[in-house]
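As stored in work_28.cif (mmCIF, C-alpha atoms (C1' of nucleotides)):
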data_coords
loop_
_atom_site.label_atom_id
_atom_site.label_comp_id
_atom_site.auth_asym_id
_atom_site.auth_seq_id
_atom_site.Cartn_x
_atom_site.Cartn_y
_atom_site.Cartn_z
CA MET S 326 0.00 0.00 0.00
CA ALA S 327 2.93 2.26 -0.33
CA PHE S 328 3.34 2.94 3.32
CA SER S 329 6.54 4.81 3.30
CA LYS S 330 9.04 2.37 4.71
CA LYS S 331 11.80 4.88 4.48
CA ALA S 332 12.25 4.93 8.22
CA GLU S 333 13.70 1.47 8.02
CA PHE S 334 16.57 2.44 5.80
CA LYS S 335 19.86 3.98 6.80
CA ASP S 336 20.14 7.74 7.16
CA ASP S 337 22.64 8.15 4.37
CA GLU S 338 20.53 6.05 2.02
CA ILE S 339 17.52 8.20 2.80
CA ALA S 340 19.55 11.37 2.30
CA ILE S 341 20.94 10.33 -1.08
CA ALA S 342 17.50 9.25 -2.21
CA ALA S 343 15.96 12.55 -1.09
CA PHE S 344 18.50 14.68 -2.90
CA ALA S 345 18.26 12.48 -5.98
CA LYS S 346 14.51 12.93 -5.92
CA ALA S 347 14.98 16.68 -5.86
CA ILE S 348 16.69 16.51 -9.23
CA SER S 349 14.64 13.62 -10.59
CA HIS S 350 12.51 15.86 -12.80
CA PRO S 351 13.79 17.67 -15.89
CA ALA S 352 12.06 20.87 -14.82
CA ARG S 353 13.99 20.99 -11.58
CA VAL S 354 17.26 20.26 -13.31
CA ALA S 355 16.48 23.06 -15.75
CA ILE S 356 15.56 25.43 -12.94
CA LEU S 357 18.84 24.81 -11.16
CA LYS S 358 20.72 25.49 -14.37
CA VAL S 359 18.85 28.69 -15.16
CA VAL S 360 19.14 30.06 -11.66
CA ALA S 361 22.84 29.22 -11.48
CA GLU S 362 23.61 30.81 -14.82
CA SER S 363 21.77 34.02 -14.03
CA GLN S 364 23.34 34.12 -10.57
CA SER S 365 19.87 34.97 -9.41
CA CYS S 366 16.62 35.36 -11.19
CA ILE S 367 13.02 36.13 -10.57
CA CYS S 368 10.27 33.58 -10.83
CA GLY S 369 8.87 35.12 -13.99
CA GLU S 370 12.11 34.59 -15.88
CA ILE S 371 12.11 30.94 -14.97
CA VAL S 372 8.50 30.52 -16.02
CA GLU S 373 9.31 32.09 -19.38
CA VAL S 374 12.08 29.61 -20.05
CA LEU S 375 10.24 26.47 -19.00
CA PRO S 376 7.41 24.78 -20.90
CA LEU S 377 5.21 24.77 -17.83
CA ALA S 378 2.54 26.91 -16.26
CA GLN S 379 3.44 29.44 -13.60
CA SER S 380 1.79 27.49 -10.83
CA THR S 381 3.65 24.34 -11.78
CA VAL S 382 6.99 26.13 -11.83
CA SER S 383 6.18 27.60 -8.44
CA GLN S 384 5.60 24.12 -7.14
CA HIS S 385 8.95 22.88 -8.42
CA LEU S 386 10.65 25.94 -6.93
CA LYS S 387 9.06 25.13 -3.62
CA GLU S 388 10.45 21.62 -3.68
CA LEU S 389 13.94 22.83 -4.44
CA LYS S 390 13.62 25.39 -1.67
CA GLU S 391 12.38 22.81 0.81
CA ILE S 392 15.37 20.57 0.24
CA GLY S 393 17.58 23.63 0.57
CA LEU S 394 19.13 23.78 -2.88
CA ILE S 395 17.79 27.25 -3.60
CA ASP S 396 16.91 30.31 -1.58
CA GLY S 397 14.02 32.59 -2.38
CA THR S 398 13.62 36.16 -1.31
CA VAL S 399 10.73 38.47 -1.96
CA GLU S 400 11.66 41.64 -3.83
CA GLY S 401 8.63 43.76 -4.03
CA ALA S 402 6.01 42.00 -6.04
CA LYS S 403 8.63 39.65 -7.43
CA SER S 404 10.39 36.63 -6.04
CA CYS S 405 14.08 36.26 -6.50
CA TYR S 406 15.73 32.85 -6.45
CA CYS S 407 19.35 31.90 -6.19
CA ILE S 408 21.36 28.76 -5.57
CA ASN S 409 22.29 27.97 -2.00
CA TRP S 410 25.86 27.10 -2.78
CA VAL S 411 26.61 25.64 0.62
CA ALA S 412 23.80 23.15 0.26
CA PHE S 413 24.67 22.59 -3.36
CA GLU S 414 28.23 21.68 -2.47
CA LYS S 415 26.99 19.42 0.30
CA VAL S 416 24.78 17.52 -2.11
CA ASN S 417 27.61 17.34 -4.58
CA ASN S 418 29.81 15.75 -1.94
CA ILE S 419 27.17 13.28 -0.88
CA PHE S 420 26.80 12.08 -4.44
CA LYS S 421 30.54 12.05 -4.96
CA GLN S 422 31.03 9.96 -1.85
CA PHE S 423 28.32 7.54 -2.85
CA PHE S 424 29.83 6.95 -6.26
CA GLU S 425 33.38 6.72 -4.92
CA LYS S 426 32.47 4.38 -2.12
CA THR S 427 30.47 2.14 -4.37
CA ASN S 428 33.01 2.24 -7.13
CA CYS S 429 35.85 1.18 -4.89
CA CYS S 430 34.14 -2.21 -4.52
CA LYS S 431 34.73 -2.70 -8.19
CA ASP S 432 38.23 -3.96 -7.51
CA GLY S 433 37.34 -5.73 -4.32
CA CYS S 434 39.09 -3.21 -2.11
CA CYS S 435 36.46 -3.39 0.60
CA MET E 122 -3.22 16.53 -15.53
CA ALA E 123 0.32 15.29 -15.36
CA PHE E 124 0.82 15.01 -19.09
CA SER E 125 4.46 14.21 -19.28
CA LYS E 126 6.03 17.30 -20.74
CA LYS E 127 9.46 15.76 -20.72
CA ALA E 128 9.76 15.93 -24.47
CA GLU E 129 10.04 19.68 -24.16
CA PHE E 130 13.17 19.62 -22.04
CA LYS E 131 16.75 19.21 -23.16
CA ASP E 132 18.20 15.75 -23.55
CA ASP E 133 20.79 16.19 -20.87
CA GLU E 134 18.21 17.47 -18.43
CA ILE E 135 16.04 14.46 -19.13
CA ALA E 136 19.01 12.13 -18.73
CA ILE E 137 20.10 13.57 -15.40
CA ALA E 138 16.54 13.45 -14.13
CA ALA E 139 16.12 9.84 -15.23
CA PHE E 140 19.28 8.65 -13.51
CA ALA E 141 18.46 10.67 -10.43
CA LYS E 142 15.07 9.02 -10.34
CA ALA E 143 16.73 5.62 -10.43
CA ILE E 144 18.44 6.38 -7.13
CA SER E 145 15.61 8.44 -5.68
CA HIS E 146 14.43 5.66 -3.40
CA PRO E 147 16.34 4.41 -0.36
CA ALA E 148 15.71 0.81 -1.36
CA ARG E 149 17.45 1.28 -4.68
CA VAL E 150 20.36 3.07 -3.06
CA ALA E 151 20.62 0.20 -0.60
CA ILE E 152 20.42 -2.38 -3.37
CA LEU E 153 23.25 -0.73 -5.27
CA LYS E 154 25.38 -0.72 -2.14
CA VAL E 155 24.68 -4.35 -1.28
CA VAL E 156 25.28 -5.58 -4.79
CA ALA E 157 28.48 -3.58 -5.11
CA GLU E 158 29.86 -4.78 -1.81
CA SER E 159 29.15 -8.41 -2.52
CA GLN E 160 30.51 -8.04 -6.04
CA SER E 161 27.46 -10.01 -7.06
CA CYS E 162 24.59 -11.42 -5.13
CA ILE E 163 21.42 -13.34 -5.60
CA CYS E 164 18.01 -11.83 -5.24
CA GLY E 165 17.30 -13.71 -2.04
CA GLU E 166 20.26 -12.13 -0.29
CA ILE E 167 19.02 -8.68 -1.19
CA VAL E 168 15.51 -9.46 0.00
CA GLU E 169 16.91 -10.64 3.34
CA VAL E 170 18.75 -7.36 3.89
CA LEU E 171 15.93 -5.01 2.90
CA PRO E 172 12.77 -4.33 4.92
CA LEU E 173 10.60 -5.09 1.91
CA ALA E 174 8.71 -8.01 0.45
CA GLN E 175 10.29 -10.14 -2.25
CA SER E 176 7.99 -8.85 -4.94
CA THR E 177 8.77 -5.27 -4.06
CA VAL E 178 12.50 -5.85 -4.14
CA SER E 179 12.10 -7.57 -7.48
CA GLN E 180 10.38 -4.46 -8.78
CA HIS E 181 13.19 -2.19 -7.63
CA LEU E 182 15.73 -4.55 -9.16
CA LYS E 183 13.84 -4.35 -12.42
CA GLU E 184 14.01 -0.58 -12.42
CA LEU E 185 17.73 -0.55 -11.78
CA LYS E 186 18.15 -3.13 -14.53
CA GLU E 187 16.05 -1.13 -16.98
CA ILE E 188 18.15 1.98 -16.52
CA GLY E 189 21.22 -0.19 -16.93
CA LEU E 190 22.87 0.23 -13.54
CA ILE E 191 22.76 -3.48 -12.77
CA ASP E 192 22.87 -6.69 -14.76
CA GLY E 193 20.92 -9.79 -13.83
CA THR E 194 21.67 -13.31 -14.85
CA VAL E 195 19.70 -16.45 -14.11
CA GLU E 196 21.65 -19.10 -12.26
CA GLY E 197 19.47 -22.10 -11.92
CA ALA E 198 16.49 -21.21 -9.80
CA LYS E 199 18.27 -18.13 -8.55
CA SER E 200 18.95 -14.72 -10.04
CA CYS E 201 22.34 -13.17 -9.72
CA TYR E 202 22.79 -9.41 -9.85
CA CYS E 203 25.88 -7.32 -10.26
CA ILE E 204 26.74 -3.70 -10.97
CA ASN E 205 27.20 -2.68 -14.56
CA TRP E 206 30.33 -0.68 -13.95
CA VAL E 207 30.41 0.90 -17.36
CA ALA E 208 26.94 2.34 -16.90
CA PHE E 209 27.72 3.19 -13.31
CA GLU E 210 30.75 5.22 -14.33
CA LYS E 211 28.73 6.93 -17.04
CA VAL E 212 26.11 8.03 -14.55
CA ASN E 213 28.83 9.13 -12.17
CA ASN E 214 30.28 11.35 -14.90
CA ILE E 215 26.93 12.81 -15.84
CA PHE E 216 26.34 13.84 -12.25
CA LYS E 217 29.88 15.10 -11.88
CA GLN E 218 29.53 17.23 -14.99
CA PHE E 219 26.22 18.63 -13.87
CA PHE E 220 27.59 19.71 -10.53
CA GLU E 221 30.80 21.09 -11.99
CA LYS E 222 29.09 23.01 -14.74
CA THR E 223 26.54 24.46 -12.38
CA ASN E 224 29.09 25.22 -9.73
CA CYS E 225 31.33 27.17 -12.05
CA CYS E 226 28.58 29.80 -12.30
CA LYS E 227 29.15 30.46 -8.64
CA ASP E 228 32.01 32.78 -9.39
CA GLY E 229 30.45 34.22 -12.51
CA CYS E 230 32.82 32.47 -14.85
CA CYS E 231 30.14 31.78 -17.44
"C1'" DA A 559 -8.09 55.03 -5.81
"C1'" DT A 560 -7.95 51.78 -9.38
"C1'" DA A 561 -5.93 48.63 -12.39
"C1'" DA A 562 -2.30 45.63 -13.61
"C1'" DT A 563 1.59 42.59 -12.29
"C1'" DT A 564 3.62 39.02 -9.80
"C1'" DC A 565 3.61 34.84 -7.61
"C1'" DA A 566 2.17 31.59 -3.87
"C1'" DT A 567 -1.43 28.56 -2.71
"C1'" DC A 568 -5.67 25.83 -3.29
"C1'" DG A 569 -8.50 22.59 -5.52
"C1'" DT A 570 -8.75 19.17 -8.75
"C1'" DA A 571 -7.66 15.67 -12.32
"C1'" DT A 572 -4.62 12.29 -13.82
"C1'" DA A 573 -0.33 9.62 -13.86
"C1'" DT A 574 3.13 7.33 -11.55
"C1'" DT A 575 5.22 5.03 -7.67
"C1'" DT A 576 5.28 2.04 -3.98
"C1'" DG A 577 4.01 -2.03 -1.72
"C1'" DC A 578 2.04 -6.50 -0.96
"C1'" DG A 579 -0.11 -11.05 -1.61
"C1'" DA A 580 -1.16 -14.46 -4.95
"C1'" DT A 581 0.14 -16.78 -8.86
"C1'" DT A 582 3.24 -18.83 -12.12
"C1'" DA A 583 7.30 -20.80 -14.16
"C1'" DT A 584 11.54 -22.69 -13.44
"C1'" DT A 585 14.94 -25.24 -11.00
"C1'" DA A 586 16.56 -28.10 -7.16
"C1'" DA A 587 15.81 -31.52 -3.75
"C1'" DA A 588 13.25 -35.54 -1.71
"C1'" DT H 1478 7.55 -37.98 -9.49
"C1'" DT H 1479 6.36 -35.08 -5.95
"C1'" DT H 1480 7.75 -31.33 -3.17
"C1'" DA H 1481 10.21 -27.30 -1.91
"C1'" DA H 1482 12.62 -23.16 -3.16
"C1'" DT H 1483 13.43 -19.19 -5.98
"C1'" DA H 1484 12.16 -15.19 -8.24
"C1'" DA H 1485 9.45 -12.81 -11.85
"C1'" DT H 1486 5.00 -11.09 -12.86
"C1'" DC H 1487 0.09 -9.85 -12.14
"C1'" DG H 1488 -3.54 -7.48 -9.91
"C1'" DC H 1489 -4.86 -4.47 -6.68
"C1'" DA H 1490 -4.79 -0.57 -3.11
"C1'" DA H 1491 -2.94 3.47 -1.44
"C1'" DA H 1492 0.30 7.21 -1.52
"C1'" DT H 1493 2.85 10.69 -4.27
"C1'" DA H 1494 3.88 13.41 -8.00
"C1'" DT H 1495 2.71 16.27 -11.82
"C1'" DA H 1496 0.10 19.71 -14.06
"C1'" DC H 1497 -3.19 23.28 -14.61
"C1'" DG H 1498 -6.64 26.96 -13.79
"C1'" DA H 1499 -8.58 29.81 -10.38
"C1'" DT H 1500 -8.03 32.48 -6.50
"C1'" DG H 1501 -5.92 35.62 -3.30
"C1'" DA H 1502 -2.45 38.63 -1.32
"C1'" DA H 1503 0.95 41.77 -2.05
"C1'" DT H 1504 3.24 45.27 -4.83
"C1'" DT H 1505 3.62 48.44 -8.53
"C1'" DA H 1506 1.87 51.43 -12.10
"C1'" DT H 1507 -1.69 54.55 -13.78
#

Structure re-expressed in structure tokens:
Amino acid sequence: MAFSKKAEFKDDEIAIAAFAKAISHPARVAILKVVAESQSCICGEIVEVLPLAQSTVSQHLKELKEIGLIDGTVEGAKSCYCINWVAFEKVNNIFKQFFEKTNCCKDGCC
Amino acid sequence: MAFSKKAEFKDDEIAIAAFAKAISHPARVAILKVVAESQSCICGEIVEVLPLAQSTVSQHLKELKEIGLIDGTVEGAKSCYCINWVAFEKVNNIFKQFFEKTNCCKDGCC
DNA sequence: ATAATTCATCGTATATTTGCGATTATTAAA
DNA sequence: TTTAATAATCGCAAATATACGATGAATTAT
């Protein structure tokens, strides 16, 4: 019944899965790219670039914000988003570690 | 209505999202770890380690197989799984590139 | 003051994912 | 040959995710 059985997995497995889920949709990958390239950009700019409705983009932005990968600040009537580079680097490292750790088994080193 | 609008995104964005989705569940992360550590292992061993029913594990294995991260071979009544290291390295590189490319915007180099 | 802009949130529809038990096919053991 | 073990698949139920339009709250422009 799709009870979430996530509690029964290890913390690092849950963390990797959660971050992977954050970038498991092309729209969110695209958003991260756009925001990074523009240093910071307002919601409207993102909506213009993506083939999705404003409300849908807002939803994806919310998800990225909730996991910490982006920060959003209100600037008047507009909303300005930028990458949270600390979190971004953290996620990068978590992925890096996962791949390295797993890959080292390739030669039977562990 | 959840039409899949994936066709309207860039290929690399779709690819990253697809691979991210493959590891967006703790069970699949755990499976990859177990299989890598044991070099190769049979389905039953994986089921024993995970807090999930056999049919559910089988489903996760299928997903990982479909995206190419693991190979499965029948050995008598049993099924033996191992990491497809070529695919694994490819995914590793795709993630690495994504993070590097995005991160370089941090200092306004692009 | 009024109208227009911007964007978050809500409600809703649909699709996908997750999970399990039951079944089935195959192989191994008795 | 019958029985047990193994694992894939099917069918179903429930949870999540995706997408949109409508609405509302805030700001900005007229």

As a CSV table (one decimal) with C-alpha atoms, in the coordinates of the input, please: chain E after a least-squares superposition onto chain S using all C-alpha atoms matched in order.
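And here is the file that came out, out_25.csv:
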chain,number,residue,atom,x,y,z
E,122,MET,CA,-0.1,-0.1,-0.1
E,123,ALA,CA,2.8,2.2,-0.4
E,124,PHE,CA,3.3,2.7,3.3
E,125,SER,CA,6.5,4.6,3.4
E,126,LYS,CA,9.1,2.2,4.8
E,127,LYS,CA,11.8,4.8,4.7
E,128,ALA,CA,12.3,4.7,8.4
E,129,GLU,CA,13.8,1.3,8.0
E,130,PHE,CA,16.6,2.4,5.8
E,131,LYS,CA,19.9,3.9,6.8
E,132,ASP,CA,20.2,7.7,7.2
E,133,ASP,CA,22.7,8.1,4.4
E,134,GLU,CA,20.5,6.0,2.0
E,135,ILE,CA,17.5,8.2,2.8
E,136,ALA,CA,19.6,11.3,2.3
E,137,ILE,CA,20.9,10.3,-1.0
E,138,ALA,CA,17.5,9.3,-2.2
E,139,ALA,CA,16.0,12.5,-1.0
E,140,PHE,CA,18.5,14.7,-2.8
E,141,ALA,CA,18.3,12.5,-5.9
E,142,LYS,CA,14.5,13.0,-5.9
E,143,ALA,CA,15.0,16.7,-5.8
E,144,ILE,CA,16.7,16.5,-9.2
E,145,SER,CA,14.7,13.7,-10.5
E,146,HIS,CA,12.5,15.9,-12.7
E,147,PRO,CA,13.8,17.7,-15.8
E,148,ALA,CA,12.1,20.9,-14.8
E,149,ARG,CA,14.0,21.0,-11.5
E,150,VAL,CA,17.3,20.3,-13.3
E,151,ALA,CA,16.5,23.1,-15.7
E,152,ILE,CA,15.6,25.5,-12.9
E,153,LEU,CA,18.9,24.8,-11.1
E,154,LYS,CA,20.8,25.5,-14.4
E,155,VAL,CA,18.9,28.7,-15.2
E,156,VAL,CA,19.2,30.1,-11.7
E,157,ALA,CA,22.9,29.2,-11.5
E,158,GLU,CA,23.6,30.8,-14.8
E,159,SER,CA,21.8,34.0,-14.0
E,160,GLN,CA,23.3,34.1,-10.6
E,161,SER,CA,19.9,35.0,-9.4
E,162,CYS,CA,16.6,35.4,-11.2
E,163,ILE,CA,13.0,36.1,-10.6
E,164,CYS,CA,10.3,33.6,-10.9
E,165,GLY,CA,8.9,35.1,-14.0
E,166,GLU,CA,12.1,34.6,-15.9
E,167,ILE,CA,12.1,30.9,-15.0
E,168,VAL,CA,8.5,30.5,-16.1
E,169,GLU,CA,9.3,32.1,-19.4
E,170,VAL,CA,12.1,29.6,-20.1
E,171,LEU,CA,10.2,26.4,-19.0
E,172,PRO,CA,7.4,24.8,-20.9
E,173,LEU,CA,5.2,24.8,-17.8
E,174,ALA,CA,2.5,26.9,-16.3
E,175,GLN,CA,3.4,29.5,-13.6
E,176,SER,CA,1.8,27.5,-10.8
E,177,THR,CA,3.7,24.4,-11.8
E,178,VAL,CA,7.0,26.1,-11.8
E,179,SER,CA,6.2,27.7,-8.5
E,180,GLN,CA,5.6,24.2,-7.1
E,181,HIS,CA,9.0,22.9,-8.4
E,182,LEU,CA,10.6,26.0,-6.9
E,183,LYS,CA,9.1,25.2,-3.6
E,184,GLU,CA,10.4,21.7,-3.7
E,185,LEU,CA,13.9,22.9,-4.4
E,186,LYS,CA,13.6,25.5,-1.7
E,187,GLU,CA,12.4,22.9,0.8
E,188,ILE,CA,15.3,20.6,0.3
E,189,GLY,CA,17.6,23.7,0.6
E,190,LEU,CA,19.1,23.8,-2.9
E,191,ILE,CA,17.8,27.3,-3.6
E,192,ASP,CA,16.9,30.4,-1.6
E,193,GLY,CA,14.0,32.7,-2.4
E,194,THR,CA,13.6,36.2,-1.4
E,195,VAL,CA,10.7,38.6,-2.0
E,196,GLU,CA,11.6,41.7,-3.9
E,197,GLY,CA,8.5,43.8,-4.2
E,198,ALA,CA,5.9,42.0,-6.2
E,199,LYS,CA,8.6,39.7,-7.5
E,200,SER,CA,10.4,36.7,-6.1
E,201,CYS,CA,14.1,36.3,-6.6
E,202,TYR,CA,15.8,32.9,-6.5
E,203,CYS,CA,19.4,31.9,-6.2
E,204,ILE,CA,21.4,28.8,-5.6
E,205,ASN,CA,22.3,28.0,-2.0
E,206,TRP,CA,25.9,27.1,-2.7
E,207,VAL,CA,26.6,25.7,0.7
E,208,ALA,CA,23.8,23.2,0.3
E,209,PHE,CA,24.7,22.6,-3.3
E,210,GLU,CA,28.2,21.7,-2.4
E,211,LYS,CA,27.0,19.4,0.3
E,212,VAL,CA,24.8,17.5,-2.1
E,213,ASN,CA,27.6,17.4,-4.5
E,214,ASN,CA,29.8,15.7,-1.9
E,215,ILE,CA,27.2,13.3,-0.8
E,216,PHE,CA,26.8,12.1,-4.4
E,217,LYS,CA,30.5,12.1,-4.9
E,218,GLN,CA,31.0,9.9,-1.8
E,219,PHE,CA,28.3,7.5,-2.8
E,220,PHE,CA,29.8,7.0,-6.2
E,221,GLU,CA,33.4,6.7,-4.9
E,222,LYS,CA,32.5,4.3,-2.1
E,223,THR,CA,30.5,2.1,-4.4
E,224,ASN,CA,33.0,2.2,-7.1
E,225,CYS,CA,35.9,1.1,-4.9
E,226,CYS,CA,34.1,-2.3,-4.6
E,227,LYS,CA,34.8,-2.7,-8.3
E,228,ASP,CA,38.2,-4.0,-7.6
E,229,GLY,CA,37.4,-5.8,-4.5
E,230,CYS,CA,39.1,-3.4,-2.2
E,231,CYS,CA,36.5,-3.6,0.5

Check your understanding: So which residues get picked by the PyMOL selection byres ((chain S) within 9 of (chain E)) here, written as a VMD selection string?
Key -> chain S and resid 330 to 331 333 to 335 337 to 355 357 to 358 361 to 364 375 to 377 408 410 413 to 414 417 420 to 421 423 to 433 435

Practice item. Provide as a ChimeraX atom specification the residues of chain A at most 6 Å from chain E, counting only C-alpha atoms (C1' of nucleotides). Key: /A:571-573,585

Review point. So which residues get picked by the PyMOL selection byres ((chain H and resi 1505) around 10) here, written as a list in words?
Key: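 Here the PyMOL selection byres ((chain H and resi 1505) around 10) matches Gly401 and Ala402 of chain S; DA562, DT563 and DT564 of chain A; DA1503, DT1504, DA1506 and DT1507 of chain H.
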
Keeping only C-alpha atoms (C1' of nucleotides), take the residues you just selected and write them out as a PDB file, keeping the file's coordinate frame.
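Contents of out_3.pdb, as written:
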ATOM      1  CA  GLY S 401       8.630  43.760  -4.030  1.00  0.00           C
ATOM      2  CA  ALA S 402       6.010  42.000  -6.040  1.00  0.00           C
TER       3      ALA S 402
ATOM      4  C1'  DA A 562      -2.300  45.630 -13.610  1.00  0.00           C
ATOM      5  C1'  DT A 563       1.590  42.590 -12.290  1.00  0.00           C
ATOM      6  C1'  DT A 564       3.620  39.020  -9.800  1.00  0.00           C
TER       7       DT A 564
ATOM      8  C1'  DA H1503       0.950  41.770  -2.050  1.00  0.00           C
ATOM      9  C1'  DT H1504       3.240  45.270  -4.830  1.00  0.00           C
ATOM     10  C1'  DA H1506       1.870  51.430 -12.100  1.00  0.00           C
ATOM     11  C1'  DT H1507      -1.690  54.550 -13.780  1.00  0.00           C
TER      12       DT H1507
END

Check which residues of chain H sit at most 6 Å from chain S using all atoms listed in the file, and return one row each with the closest pair of atoms and their distance in Å to one decimal, ordered by chain and rising number, as JSON lines.
{"residue": "H:DA1490", "atom": "C1'", "partner": "S:Met326", "partner_atom": "CA", "distance": 5.7}
{"residue": "H:DA1491", "atom": "C1'", "partner": "S:Met326", "partner_atom": "CA", "distance": 4.8}
{"residue": "H:DA1492", "atom": "C1'", "partner": "S:Ala327", "partner_atom": "CA", "distance": 5.7}
{"residue": "H:DT1504", "atom": "C1'", "partner": "S:Ala402", "partner_atom": "CA", "distance": 4.5}

Those residues you just picked out, can you put them in a file as a short mmCIF file (atom, residue, chain, number, x, y, z; two decimals), in the coordinates of the input with C-alpha atoms (C1' of nucleotides)?
data_model
loop_
_atom_site.label_atom_id
_atom_site.label_comp_id
_atom_site.auth_asym_id
_atom_site.auth_seq_id
_atom_site.Cartn_x
_atom_site.Cartn_y
_atom_site.Cartn_z
"C1'" DA H 1490 -4.79 -0.57 -3.11
"C1'" DA H 1491 -2.94 3.47 -1.44
"C1'" DA H 1492 0.30 7.21 -1.52
"C1'" DT H 1504 3.24 45.27 -4.83
#

Can you list what the PyMOL selection byres ((chain A and resi 568) around 9) grabs from this structure, as a compact mmCIF listing (two decimals) with C-alpha atoms (C1' of nucleotides), in the coordinates of the input?
# COMPACT_ATOMS: atom_id res chain seq x y z
C1' DT A 567 -1.43 28.56 -2.71
C1' DG A 569 -8.50 22.59 -5.52
C1' DA H 1499 -8.58 29.81 -10.38
C1' DT H 1500 -8.03 32.48 -6.50

Review point. Of the candidates S:Leu389, S:Ile419, S:Cys405, S:Ile395, which one gets nearest to A:DC565 if we count only C-alpha atoms (C1' of nucleotides)?
Key: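 Checking each of S:Leu389, S:Ile419, S:Cys405, S:Ile395 against A:DC565, counting only C-alpha atoms (C1' of nucleotides), the winner is S:Cys405.
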
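Reported to one decimal place, the separation of atom C1' of H:DT1495 from atom C1' of A:DT574 is 9.0 Å.
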
Exercise for review: Work out how far apart atom C1' of H:DG1488 and atom C1' of A:DT582 are and give it in Å to one decimal.
Suggested key: 13.4 Å

Mind completing stretch 372-384 of chain S with N, CA and C atoms? Output as a compact mmCIF listing (two decimals), in the frame of the given file, please?
# COMPACT_ATOMS: atom_id res chain seq x y z
N VAL S 372 9.74 30.96 -15.38
CA VAL S 372 8.50 30.52 -16.02
C VAL S 372 8.58 30.69 -17.53
N GLU S 373 9.19 31.80 -17.94
CA GLU S 373 9.31 32.09 -19.38
C GLU S 373 10.12 31.03 -20.11
N VAL S 374 11.15 30.55 -19.44
CA VAL S 374 12.08 29.61 -20.05
C VAL S 374 11.53 28.18 -20.08
N LEU S 375 10.73 27.84 -19.10
CA LEU S 375 10.24 26.47 -19.00
C LEU S 375 8.90 26.28 -19.71
N PRO S 376 8.67 25.07 -20.23
CA PRO S 376 7.41 24.78 -20.90
C PRO S 376 6.33 24.35 -19.92
N LEU S 377 6.17 25.14 -18.88
CA LEU S 377 5.21 24.77 -17.83
C LEU S 377 4.48 26.01 -17.35
N ALA S 378 3.33 25.80 -16.79
CA ALA S 378 2.54 26.91 -16.26
C ALA S 378 3.21 27.51 -15.02
N GLN S 379 2.85 28.74 -14.74
CA GLN S 379 3.44 29.44 -13.60
C GLN S 379 3.24 28.69 -12.30
N SER S 380 2.06 28.18 -12.09
CA SER S 380 1.79 27.49 -10.83
C SER S 380 2.62 26.22 -10.69
N THR S 381 2.85 25.56 -11.81
CA THR S 381 3.65 24.34 -11.78
C THR S 381 5.11 24.66 -11.47
N VAL S 382 5.62 25.71 -12.09
CA VAL S 382 6.99 26.13 -11.83
C VAL S 382 7.15 26.50 -10.36
N SER S 383 6.16 27.20 -9.84
CA SER S 383 6.18 27.60 -8.44
C SER S 383 6.28 26.38 -7.53
N GLN S 384 5.60 25.35 -7.92
CA GLN S 384 5.60 24.12 -7.14
C GLN S 384 6.99 23.47 -7.15
